[in-house]
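K.L.:
Here it is, the structure, as structure tokens.
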Amino acid sequence: MTEEKVWESEGLTAEEYEMITAGLGRQPNRTELGMFGVMWSEHCSYKNSLAVLRSLPTEGERVLQGPGENAGIIDIGDGQAVSFKIESHNHPSAIEPYQGAATGVGGIIRDIFTMGARPIALLDSLRFGELDDEHVRYLFEEVVAGIAGYGNSIGVPTVAGETFFSPKYQGNPLVNAMCVGLMDQQDISTATARGIGNPVMVVGAATGRDGIQGASFASDELTEESEEDRPAVQVGDPFREKLLMEASLELIKTGALVGIQDMGAAGLISSSSEMASRGEAGIEMDTALVPKREEGMTPYEVLLSESQERMLVVPRQGKEELVKEIFKKWGLNAAVIGKVTDDGKIRVYNQGEPAAEVPVRLLVDDAPVYQREGCRPAYLNELQEFSTGDFLAKQKKNRRGTDYNQELVKLLTSENLAAKNSIYEQYDHMVQLNTVILPGSDAAVLRIKGKNKGLALTVDCNGRYCYLDPERGAEIAVAEAARNLVCSGAEPLAVTDGLNFGNPLNPEVFWQFERAAAGIARACQELATPVTGGNVSFYNESPAGAIYPTPIIGMVGLLEDLSQATDQYFKEEGDLIVLLGETGAELGGSEYLKVIHDRVGGKIPELDYIREKSVQNLCLKAIKQGLIKSAHDCAEGGLAVALFESCSGNSRGARVTVETELLPEELLFSESQSRIIISLDEENMAEFSELADKSQAGYQIIGRVQGRTLKINNLIEVEIEELKAKWQAALPAMIN
Amino acid sequence: MKFAVISFPGSNCDQDVCHVTGEVLQVATEILRHDVRQDLTDYDTVILPGGFSYGDYLRSGAIARFSPIMEDVINYAEAGGLVLGICNGFQILLEAGLLPGAMKVNDSVKFVCRQVAITVESSETAFTGGLTRGETLQMPVAHQEGNYYIDPAGLEQLKADDQIVFRYLNQEENPNGSLADIAGVCNQEKNVLGLMPHPERASEKILGSEDGKKIFASLLDYLSSREES
Amino acid sequence: MDWLVKVTIQLKESILDPQGQAVKSGLEALGYKNIADLQVGKYIELTVSDEDKEQEVSTQVEEMCQRLLANPVIEDYNYEIEELA
Amino acid sequence: MDWLVKVTIQLKESILDPQGQAVKSGLEALGYKNIADLQVGKYIELTVSDEDKEQEVSTQVEEMCQRLLANPVIEDYNYEIEELA
Ligand SMILES: Nc1ncnc2c1ncn2[C@@H]1O[C@H](COP(=O)(O)OP(=O)(O)O)[C@@H](O)[C@H]1O
Ligand SMILES: [Mg+2]
């Protein structure tokens, strides 16, 4: 390495190196340069995304903690609060899928209990290439096993998720995990270092050389060599994290803490400097005092290690022994490594020898922020101009006597619409005894013990929509998430967003990012669901190019009355089936086009907020008045698929007749937004109509729960039991 | 009446069991730490809950079995005390030799969490006295190592002594490939029971099934009639 | 003196090995068709320090296997002991 | 000709081995205090049939390790090949 290019090995640019020398008034030493390298990486500094993220709505009556802390917090009444956040672990999962996914789960769980909340649920949002590829099958199986391995062991149920396959994720899978925690508002903790002289302590696992430079690794594209990028991968220890979680929550309850922060990406340096920055303080520490499991580690290595299952805590002076006692009881280390100072500097020693001295401001607050240029991608014109109407007309000529039964079967046994039970049955989704609506329905519902309240949880995003129209695609993700919560009887409260994109230095990718953020902002504004936190993951590219833009929306909703929890399954013979909203000729970007015609293109469905809100309000009102028995969001695969899903749960049939001008494939498979399929006792229909007539939602009775088959007009008639067996067998069959 | 639930490092169903016995069934329940020796004679039942004690590293239950309190559990069981092991608790009882046989990894080699149907094979224990032989119960399982194994002679012995307490209804319902569809066994004296399904997850209507509560109810009936006599 | 001990643990022969079966079919799916048999077990490597005689180490390791490392109901074990420099 | 292959797989050095740590403290609790180091890995025993040359078997096993049995990102592997009677 030539002397002039030292910054390159730390992932910094020449200009950034200039900024550092100017800020310090001298050249940084090797350790200091390493500190800047990780702190100014995309992963820690959000340097390419911050400007755009500022446009997201973050305020609301229930928001107790917005973006900026480890996780957001919302008020759910009765002095209780919910903390939640989503986090990506894409690159580690690409090279070591089991451990990558497992440590992703471990990291997001730490973010939640750091806030003082007990983790009560996990969700996972997964993207892979197509399963006909051997390596994709390996990634898929190992990622699922890794999420299971960590979540099951630590005893936090994984209650919902989504799984989507497309060649665009070949080589760069997405593994996003969301955690939700419950707490008393009085236990809210923050990641702040305050109070001159207060001790700074490292607690939890011992530090090793694992994961050094993981944050920089996450801020770079995957290359052929990445597989050999050994130090960036860690092995998780859910057993130890369970102990760490219990010890940390016990410690928080004592009130002895000023601040607590988990050590995730960029380890000790990031946690200490961020805590100091929030408290407008300095920190002085000696790396020799950090408990280690390897010999001869340099300060650089100790500062940058990403060893898992560790926390940094700042107790009040004199509480050191209490901290040690609690951690000892749980079989964990706790060591004082330094103290809070008033000079605004991070000062690092090694056995008393100065190793680094950097102003916190320069390291954290003054990290560069770039206003990148976006540029509308060239591919869009062609794809959006693709006319599904013309295409279908042409197809019609060639395809006489379409067998819609067969098309439905083909859709339901395709990878994206196939049943996902073989995934979520690998997750313990019941531990903690709160899961009232299990995975498989629109949203999971958890009870809150001791109260008659419940929480509804979902994650949603259609990356293909976002590829065809990032802004509306993102809006639809928010709307769908809210709709999923409403269908289960909950009022949507707030959002965490996991923004997964390609290389932001590519103007076309940056444009996707900007548009998607604008879409989220608009939809969250309209639906009154503020964003309380999230995660940005750039550089999701493989030699084959960027992934679909994938802004994942995690949403939390509240049920004031748990007895109103509603699932998507038809219940009783004879019940009426009603469709809220309206079906249009909207097959652009649909599963139908992809699966049946191998096409990706067209205009994605419209989103009309007046209709969306009307449909959601009507559905929620009807649930609250006890009028309806099931509600199901009509999404990917359209009406036919949604009806089948409603039939499948309790193995009920349905007779459905819809008067329509639409082509059969449009009626059956169009993915128009703002639609919900409900079922209700005929007795309640009059009362429901009264409600519905006052609403702008639009609705029509389309049939009845009846028999053992699903019959739609004269187009489709399928045996439910038989199709259900095929639907559930499809995914396992693709793997073996 | 008083129950003890033993919490090992990595147990994660200790609070769940405590919720059901304490809140739902209203029996005084204490959670006892693994590392504190304790005279258990005052407790009417000792429950080893589910979870991943010591991360299930090496083999499920292998390390937990040597926790200090296990000596007390063994003494308690040998003196005729009632011991219930659920899932990981069952695995620990096997490792401790309080129950015969051993656990292998599921045939699928995967963790499995779902509702299964099991049948009651013996009503000769304190935990199943209120149930009828042949009765079907719906209960969730959640485990990766529930593939019960015992050698052929051992199996004959189990049958001869009526020690098979629960079986999965049939092969399809069997989530792990266990020998003879075994879901739960007891010791010869019938005071120690281990089972893979989680009765505490099926003890409240809102969670889908109350069949698990029948096991706890049997136990309570047994204990109160014992108190009376 | 320090000793390096290498322990292998396997399911007894008569007992079906689900993990071995899964790995075997995994390999077959990758095109390795001529695997007659495959078993997955555990490999434990440990360093025992400050013992003078190999015999003592071996007694200890035997005990550790019996008590903790293996489950004699279903598993067999084997070990080798090497003297470390 | 048939061949017996014995593969051992272990985590690479500076990578955390939670399992090894747990087993080591388990043994310590049982009174075995002089264990300096302990790692838990996998042991796979397989029989490869109908290959004529050891060299071919070894090429195959090397490949199997790389592709499926181990993940070279975090694991090291070793194997021995024996000719079976
Ligand atoms: N990776 C996963 N983990 C957990 N649950 C999943 C996963 N993938 C899908 N699911 C569950 O399967 C069901 C169907 O998923 P999806 O089709 O995405 O639902 P929806 O269209 O209603 O959002 C949901 O209940 C979802 O929570
Ligand atoms: Mg969805």
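Order determines the names: the first chain of the structure tokens is A, the second B, and so forth; residues in each chain are numbered 1 upward, and ligands are numbered 1 upward as they are shown.
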Please, which residues of chain A lie no more than 12 Å from chain C when the count uses only C-alpha atoms, and can they be set out as a ChimeraX atom specification?
P.N.:
/A:133-135,137-138,141,735-736
K.L.:
Give as JSON, numbers by chain the residues surrounding ligand 2 up to a distance of 7 Å, considering only C-alpha atoms and all ligand atoms.
P.N.:
{"A": [162, 459, 460, 461]}
K.L.:
Check which residues fall inside 8 Å of ligand 1 when counting only C-alpha atoms and all ligand atoms, and print them as an NGL selection string.
P.N.:
:A and (123-126 or 144 or 158-164 or 416-417 or 419-421 or 423-424 or 427 or 438-444 or 458-460 or 480-481 or 484 or 632-636)
K.L.:
Looking at B:Asp39, B:Asp44, B:Glu135, B:Asp151, which one is nearest to chain C, with distances taken over only C-alpha atoms?
P.N.:
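Between B:Asp39, B:Asp44, B:Glu135, B:Asp151, the residue approaching chain C most closely is B:Asp151.
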K.L.:
Mind dumping a table of every chain C residue within 10 Å of chain B, with the nearest atom pair and its distance in Å to one decimal, using only C-alpha atoms, sorted by chain and rising number, as a tab-separated table?
P.N.:
```
residue	atom	partner	partner_atom	distance
C:Leu11	CA	B:Lys104	CA	9.2
C:Ser14	CA	B:Asp151	CA	9.4
C:Ile15	CA	B:Tyr149	CA	8.6
C:Leu16	CA	B:Asp107	CA	9.3
C:Asp17	CA	B:Lys104	CA	8.3
C:Pro18	CA	B:Asp107	CA	5.0
C:Gln19	CA	B:Val109	CA	6.1
C:Gly20	CA	B:Val109	CA	9.6
C:Gln21	CA	B:Asp107	CA	8.8
C:Ala22	CA	B:Val109	CA	7.4
C:Val23	CA	B:Val109	CA	9.9
C:Lys42	CA	B:Leu58	CA	8.4
C:Ile44	CA	B:Leu58	CA	9.9
C:Arg67	CA	B:Ala62	CA	9.3
C:Leu68	CA	B:Ala62	CA	6.6
C:Leu69	CA	B:Leu58	CA	7.3
C:Ala70	CA	B:Arg59	CA	8.6
C:Asn71	CA	B:Glu95	CA	7.7
C:Pro72	CA	B:Ala102	CA	9.4
C:Val73	CA	B:Ala102	CA	6.6
C:Ile74	CA	B:Ala102	CA	6.9
C:Glu75	CA	B:Ala102	CA	9.9
```
K.L.:
I need the residue nearest chain D from this list: C:Glu51, C:Lys33, C:Leu46, C:Asp76. Use only C-alpha atoms for the distance.
P.N.:
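The shortest atom-to-atom distance to chain D comes from C:Leu46.
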K.L.:
Counting only C-alpha atoms, which residues of chain B fall within 10 Å of chain A, and what is the closest atom pair for each with its distance in Å at one decimal, ordered by chain and rising number, as a Markdown table?
P.N.:
```
| residue | atom | partner | partner_atom | distance |
| --- | --- | --- | --- | --- |
| B:Pro9 | CA | A:Leu243 | CA | 7.1 |
| B:Gly10 | CA | A:Phe239 | CA | 5.8 |
| B:Ser11 | CA | A:Gly155 | CA | 8.2 |
| B:Asn12 | CA | A:Gly155 | CA | 5.2 |
| B:Cys13 | CA | A:Val431 | CA | 6.9 |
| B:Asp14 | CA | A:Gln432 | CA | 9.3 |
| B:Gln15 | CA | A:Gln432 | CA | 7.4 |
| B:Asp16 | CA | A:Gln432 | CA | 5.8 |
| B:Val17 | CA | A:Leu433 | CA | 9.4 |
| B:His19 | CA | A:Leu433 | CA | 8.7 |
| B:Val20 | CA | A:Leu433 | CA | 9.3 |
| B:Glu23 | CA | A:Gly450 | CA | 9.9 |
| B:Asp35 | CA | A:Lys329 | CA | 9.8 |
| B:Gly50 | CA | A:Val431 | CA | 9.4 |
| B:Gly51 | CA | A:Ser153 | CA | 6.7 |
| B:Phe52 | CA | A:Ser153 | CA | 5.5 |
| B:Ser53 | CA | A:Phe239 | CA | 7.9 |
| B:Tyr54 | CA | A:Phe239 | CA | 6.3 |
| B:Gly55 | CA | A:Phe239 | CA | 4.7 |
| B:Asp56 | CA | A:Ser153 | CA | 8.4 |
| B:Tyr57 | CA | A:Phe239 | CA | 9.0 |
| B:Lys110 | CA | A:Gln426 | CA | 6.6 |
| B:Phe111 | CA | A:Gln426 | CA | 4.9 |
| B:Val112 | CA | A:Gln426 | CA | 4.9 |
| B:Cys113 | CA | A:Glu425 | CA | 4.8 |
| B:Arg114 | CA | A:Glu425 | CA | 6.1 |
| B:Gln115 | CA | A:Glu425 | CA | 9.8 |
| B:Pro140 | CA | A:Met430 | CA | 8.5 |
| B:Val141 | CA | A:Asp428 | CA | 9.0 |
| B:Ala142 | CA | A:Asp428 | CA | 6.1 |
| B:His143 | CA | A:Asp428 | CA | 8.2 |
| B:Gln144 | CA | A:Gln426 | CA | 8.9 |
| B:His198 | CA | A:Val431 | CA | 9.8 |
| B:Glu200 | CA | A:Leu433 | CA | 8.3 |
| B:Arg201 | CA | A:Leu433 | CA | 6.3 |
| B:Ala202 | CA | A:Leu433 | CA | 9.1 |
| B:Ser203 | CA | A:Leu433 | CA | 9.7 |
| B:Glu204 | CA | A:Leu433 | CA | 9.3 |
| B:Lys205 | CA | A:Val436 | CA | 9.6 |
| B:Ile206 | CA | A:Val436 | CA | 6.3 |
| B:Leu207 | CA | A:Val436 | CA | 5.3 |
| B:Gly208 | CA | A:Val436 | CA | 7.6 |
```
K.L.:
Just the selected residues (N, CA and C atoms), exported as a short mmCIF file (atom, residue, chain, number, x, y, z; two decimals), in the first residue's frame, please.
P.N.:
```cif
data_model
loop_
_atom_site.label_atom_id
_atom_site.label_comp_id
_atom_site.auth_asym_id
_atom_site.auth_seq_id
_atom_site.Cartn_x
_atom_site.Cartn_y
_atom_site.Cartn_z
N PRO B 9 -30.57 -22.02 32.18
CA PRO B 9 -30.15 -20.97 31.24
C PRO B 9 -30.59 -21.39 29.84
N GLY B 10 -31.39 -20.56 29.19
CA GLY B 10 -31.87 -20.90 27.86
C GLY B 10 -33.28 -21.50 27.86
N SER B 11 -33.83 -21.80 29.03
CA SER B 11 -35.25 -22.19 29.06
C SER B 11 -36.04 -21.00 28.52
N ASN B 12 -37.04 -21.25 27.67
CA ASN B 12 -37.83 -20.09 27.25
C ASN B 12 -39.33 -20.30 27.37
N CYS B 13 -39.72 -21.43 27.96
CA CYS B 13 -41.15 -21.62 28.22
C CYS B 13 -41.44 -21.61 29.71
N ASP B 14 -40.48 -21.22 30.52
CA ASP B 14 -40.70 -21.19 31.97
C ASP B 14 -41.81 -20.21 32.34
N GLN B 15 -41.77 -19.02 31.71
CA GLN B 15 -42.81 -18.03 32.00
C GLN B 15 -44.16 -18.50 31.47
N ASP B 16 -44.15 -19.20 30.34
CA ASP B 16 -45.40 -19.68 29.74
C ASP B 16 -46.08 -20.69 30.66
N VAL B 17 -45.30 -21.63 31.18
CA VAL B 17 -45.86 -22.64 32.08
C VAL B 17 -46.38 -21.95 33.34
N HIS B 19 -47.41 -18.94 33.60
CA HIS B 19 -48.63 -18.21 33.27
C HIS B 19 -49.84 -19.16 33.35
N VAL B 20 -49.68 -20.34 32.79
CA VAL B 20 -50.82 -21.26 32.75
C VAL B 20 -51.12 -21.84 34.14
N GLU B 23 -51.66 -18.29 36.48
CA GLU B 23 -52.75 -17.37 36.17
C GLU B 23 -54.01 -18.09 35.75
N ASP B 35 -29.24 -23.09 39.40
CA ASP B 35 -27.94 -23.18 40.09
C ASP B 35 -28.05 -23.09 41.60
N GLY B 50 -40.09 -26.09 28.49
CA GLY B 50 -39.45 -26.16 27.18
C GLY B 50 -38.44 -25.04 26.98
N GLY B 51 -37.74 -25.12 25.86
CA GLY B 51 -36.76 -24.09 25.54
C GLY B 51 -35.50 -24.69 24.97
N PHE B 52 -34.42 -23.97 25.10
CA PHE B 52 -33.13 -24.42 24.59
C PHE B 52 -32.10 -24.28 25.70
N SER B 53 -32.20 -25.14 26.72
CA SER B 53 -31.26 -25.03 27.82
C SER B 53 -29.84 -25.16 27.28
N TYR B 54 -28.99 -24.28 27.70
CA TYR B 54 -27.60 -24.21 27.21
C TYR B 54 -27.56 -24.26 25.68
N GLY B 55 -28.54 -23.59 25.06
CA GLY B 55 -28.54 -23.51 23.61
C GLY B 55 -28.80 -24.84 22.92
N ASP B 56 -29.12 -25.88 23.68
CA ASP B 56 -29.21 -27.24 23.14
C ASP B 56 -27.89 -27.65 22.50
N TYR B 57 -26.82 -27.00 22.88
CA TYR B 57 -25.53 -27.34 22.32
C TYR B 57 -25.16 -28.76 22.73
N LYS B 110 -35.38 -30.61 10.50
CA LYS B 110 -35.78 -29.22 10.66
C LYS B 110 -36.59 -29.05 11.94
N PHE B 111 -36.59 -27.81 12.42
CA PHE B 111 -37.46 -27.46 13.52
C PHE B 111 -38.90 -27.53 13.01
N VAL B 112 -39.80 -27.97 13.85
CA VAL B 112 -41.20 -27.99 13.42
C VAL B 112 -42.09 -27.43 14.52
N CYS B 113 -42.93 -26.47 14.10
CA CYS B 113 -43.88 -25.86 15.03
C CYS B 113 -45.24 -25.95 14.39
N ARG B 114 -46.09 -26.80 14.90
CA ARG B 114 -47.46 -26.85 14.41
C ARG B 114 -48.34 -27.65 15.37
N GLN B 115 -49.63 -27.51 15.12
CA GLN B 115 -50.60 -28.25 15.91
C GLN B 115 -50.57 -29.70 15.45
N PRO B 140 -49.95 -28.09 20.21
CA PRO B 140 -48.80 -27.71 19.37
C PRO B 140 -47.51 -28.43 19.78
N VAL B 141 -46.68 -28.70 18.79
CA VAL B 141 -45.30 -29.11 19.07
C VAL B 141 -44.40 -27.98 18.56
N ALA B 142 -43.20 -27.92 19.09
CA ALA B 142 -42.21 -26.94 18.62
C ALA B 142 -40.84 -27.45 19.03
N HIS B 143 -40.20 -28.18 18.14
CA HIS B 143 -38.91 -28.75 18.50
C HIS B 143 -38.12 -29.21 17.28
N GLN B 144 -36.83 -29.38 17.47
CA GLN B 144 -35.98 -29.92 16.41
C GLN B 144 -35.47 -31.32 16.77
N HIS B 198 -46.74 -29.31 23.70
CA HIS B 198 -46.77 -28.28 24.75
C HIS B 198 -48.18 -28.10 25.30
N GLU B 200 -49.08 -26.37 27.73
CA GLU B 200 -49.30 -24.98 28.16
C GLU B 200 -49.68 -24.08 26.98
N ARG B 201 -49.40 -24.53 25.76
CA ARG B 201 -49.78 -23.72 24.61
C ARG B 201 -51.21 -24.03 24.16
N ALA B 202 -51.84 -24.96 24.84
CA ALA B 202 -53.20 -25.33 24.47
C ALA B 202 -54.06 -25.31 25.72
N SER B 203 -53.97 -24.23 26.46
CA SER B 203 -54.69 -24.16 27.72
C SER B 203 -55.61 -22.95 27.81
N GLU B 204 -55.73 -22.22 26.71
CA GLU B 204 -56.62 -21.07 26.70
C GLU B 204 -57.32 -21.04 25.35
N LYS B 205 -58.62 -20.79 25.40
CA LYS B 205 -59.40 -20.83 24.18
C LYS B 205 -58.87 -19.86 23.13
N ILE B 206 -58.44 -18.70 23.59
CA ILE B 206 -58.01 -17.68 22.63
C ILE B 206 -56.78 -18.11 21.83
N LEU B 207 -56.06 -19.10 22.36
CA LEU B 207 -54.88 -19.58 21.63
C LEU B 207 -55.19 -20.81 20.78
N GLY B 208 -56.46 -21.16 20.68
CA GLY B 208 -56.82 -22.18 19.70
C GLY B 208 -57.27 -23.52 20.24
#
```
K.L.:
Write out as a ChimeraX atom specification every residue belonging to chain D that has an atom at most 6 Å from any atom of chain C, counting only C-alpha atoms.
P.N.:
/D:34-49
K.L.:
Please dump the current selection as a compact mmCIF listing (two decimals), in the first residue's frame; keep N, CA and C atoms.
P.N.:
```txt
# COMPACT_ATOMS: atom_id res chain seq x y z
N ASN D 34 -8.90 -28.74 33.79
CA ASN D 34 -7.67 -28.50 33.02
C ASN D 34 -7.85 -28.67 31.51
N ILE D 35 -9.00 -28.15 31.04
CA ILE D 35 -9.19 -28.16 29.59
C ILE D 35 -8.83 -26.78 29.07
N ALA D 36 -7.78 -26.71 28.26
CA ALA D 36 -7.30 -25.40 27.83
C ALA D 36 -8.15 -24.87 26.70
N ASP D 37 -8.77 -25.75 25.94
CA ASP D 37 -9.38 -25.33 24.70
C ASP D 37 -10.31 -26.44 24.24
N LEU D 38 -11.45 -26.08 23.69
CA LEU D 38 -12.34 -27.12 23.20
C LEU D 38 -13.16 -26.59 22.03
N GLN D 39 -13.21 -27.35 20.98
CA GLN D 39 -13.96 -26.98 19.79
C GLN D 39 -14.90 -28.10 19.41
N VAL D 40 -16.12 -27.73 19.05
CA VAL D 40 -17.05 -28.76 18.58
C VAL D 40 -17.23 -28.61 17.07
N GLY D 41 -17.03 -29.69 16.36
CA GLY D 41 -17.22 -29.66 14.92
C GLY D 41 -18.06 -30.83 14.47
N LYS D 42 -17.99 -31.11 13.17
CA LYS D 42 -18.77 -32.22 12.63
C LYS D 42 -17.85 -33.34 12.17
N TYR D 43 -18.37 -34.52 12.24
CA TYR D 43 -17.64 -35.68 11.75
C TYR D 43 -18.54 -36.41 10.79
N ILE D 44 -18.10 -36.55 9.57
CA ILE D 44 -18.92 -37.23 8.57
C ILE D 44 -18.16 -38.44 8.04
N GLU D 45 -18.82 -39.57 8.09
CA GLU D 45 -18.18 -40.78 7.59
C GLU D 45 -18.99 -41.25 6.40
N LEU D 46 -18.34 -41.41 5.27
CA LEU D 46 -19.11 -41.89 4.12
C LEU D 46 -18.35 -42.95 3.32
N THR D 47 -19.12 -43.75 2.65
CA THR D 47 -18.53 -44.78 1.81
C THR D 47 -18.76 -44.41 0.35
N VAL D 48 -17.68 -44.28 -0.39
CA VAL D 48 -17.80 -44.01 -1.81
C VAL D 48 -17.55 -45.33 -2.54
N SER D 49 -18.49 -45.72 -3.38
CA SER D 49 -18.31 -47.03 -4.02
C SER D 49 -17.90 -46.89 -5.48
```
K.L.:
For each of B:Ile118, B:Met139, B:Leu193, B:Ala126, take the minimum atom-to-atom distance to Asn170 in chain B, counting only C-alpha atoms, then give the residue where this is smallest.
P.N.:
B:Ile118
K.L.:
Mind the document's chain letters and residue numbers, and return as a VMD selection string the residues of chain D that DSSP labels strand (DSSP E).
P.N.:
chain D and resid 3 to 11 35 to 48 75 to 83
K.L.:
Give me, as JSON, numbers by chain, all polymer residues having an atom no more than 12 Å from range 344-358 of chain A, counting only C-alpha atoms and skipping those fewer than 4 positions away in the same chain.
P.N.:
{"A": [20, 21, 23, 24, 25, 26, 27, 28, 29, 30, 31, 32, 33, 34, 35, 36, 39, 193, 194, 196, 268, 269, 270, 271, 272, 273, 274, 275, 276, 277, 278, 279, 280, 281, 282, 283, 284, 285, 286, 287, 288, 289, 290, 296, 297, 298, 299, 300, 301, 302, 303, 337, 338, 339, 340, 362, 363, 364, 365]}
